[in-house]
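A short worksheet on the structure shown next.
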Amino acid sequence: VKRFYEFANKDEFIIACNEVRKISQKLVSIGLGTQQPRSVLNTLIKCSSLSAPTPHCLTPAHSFVLQLCIAGEMFAFAVAYIRKHDILEINPKLTHLSSLDYLTYFYYSGLCFIAMKDFQSALNAFMQVICAPANELSQVAISTVKKARLVALIHHGKPLHLPKHTSLAVTRFCMQESPVYDDIVKHFVAADMQALLNLLQSP
């Protein structure tokens with residue numbers, strides 16, 4: 001596998017994008033299963049570069065790279081990778097990118113930015129998930145909204161504001177009652193730190 005990743009050229013990667021995706025998933029499983037995510041990280045980074053039709057095109061491997069970085073707590077490395085590979089384009093036909101790949105890439109990006117205390121960048125990444133067109137709400141989107149609400153409080157000191165182009169599925173979810181998160185927002189905005197602490201420590 002590593003020999004193919006080492007010697008194959010970009011055209012071969014793009015032609016075999018579906019097979020490359022499957023191999024990359026196997027590598028992720030190996031890295032996570034052996035608890036040595038660093039061992040396959042460089043291979044996947046090369047894959048993300050060679051399988052992208054253009055330098056700023058998102059591929060499944062981009063998400064796999066961040067997944068391994070999070071598992072290995074390599075957050076500074078992950079943020080440097082994100083900034084170096086600024087995503088401006090998607091091409092599912094050439095990359096076999098799925099909607100889940102798109103969502104997880106920006107969700108993982110947000111987690112990495114949070115770890116580095118770059119809360120504005122985390123919110124920007126989360127918004128890519130929140131505003132993605134969707135008929136149904138995915139688990140990734142639900143987790144993203146919950147984290148974005150907390151990050152908005154930390155960074156702006158006020159509740160999360162959803163853009164007008166937010167997907168209807170996300171908007172409906174946010175309109176539902178969420179007692180724990182609603183209470184966190186209420187206590188935080190009111191600067192009632194004791195009530196907030198009691199809430200966070202409650203079972």
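Lettering and numbering for the structure tokens are positional, with chains as A, B, ... in the shown order, residues counted from 1 in each chain, and ligands counted from 1 in the shown order.
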
Exercise: Ala61 in chain A partners within 12 Å, only C-alpha atoms, chain neighbours under 5 positions left out, as a count of residues only: 37

Each range 76-146 of chain A residue no farther than 6 Å from range 166-178 of chain A, nearest pair in Å, only C-alpha atoms, as CSV:
```
residue,atom,partner,partner_atom,distance
A:Cys131,CA,A:Thr166,CA,4.3
A:Pro133,CA,A:Ser167,CA,5.4
A:Glu136,CA,A:Ala169,CA,5.8
A:Leu137,CA,A:Ala169,CA,5.6
```

Residues within 8 Å of Cys112 in chain A, only C-alpha atoms, excluding chain neighbours under 6 positions, as a ChimeraX atom specification: /A:70,75-76,78-79,122

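Coordinates place CA of Val129 in chain A at a distance of 20.5 Å from CA of Lys93 in chain A.
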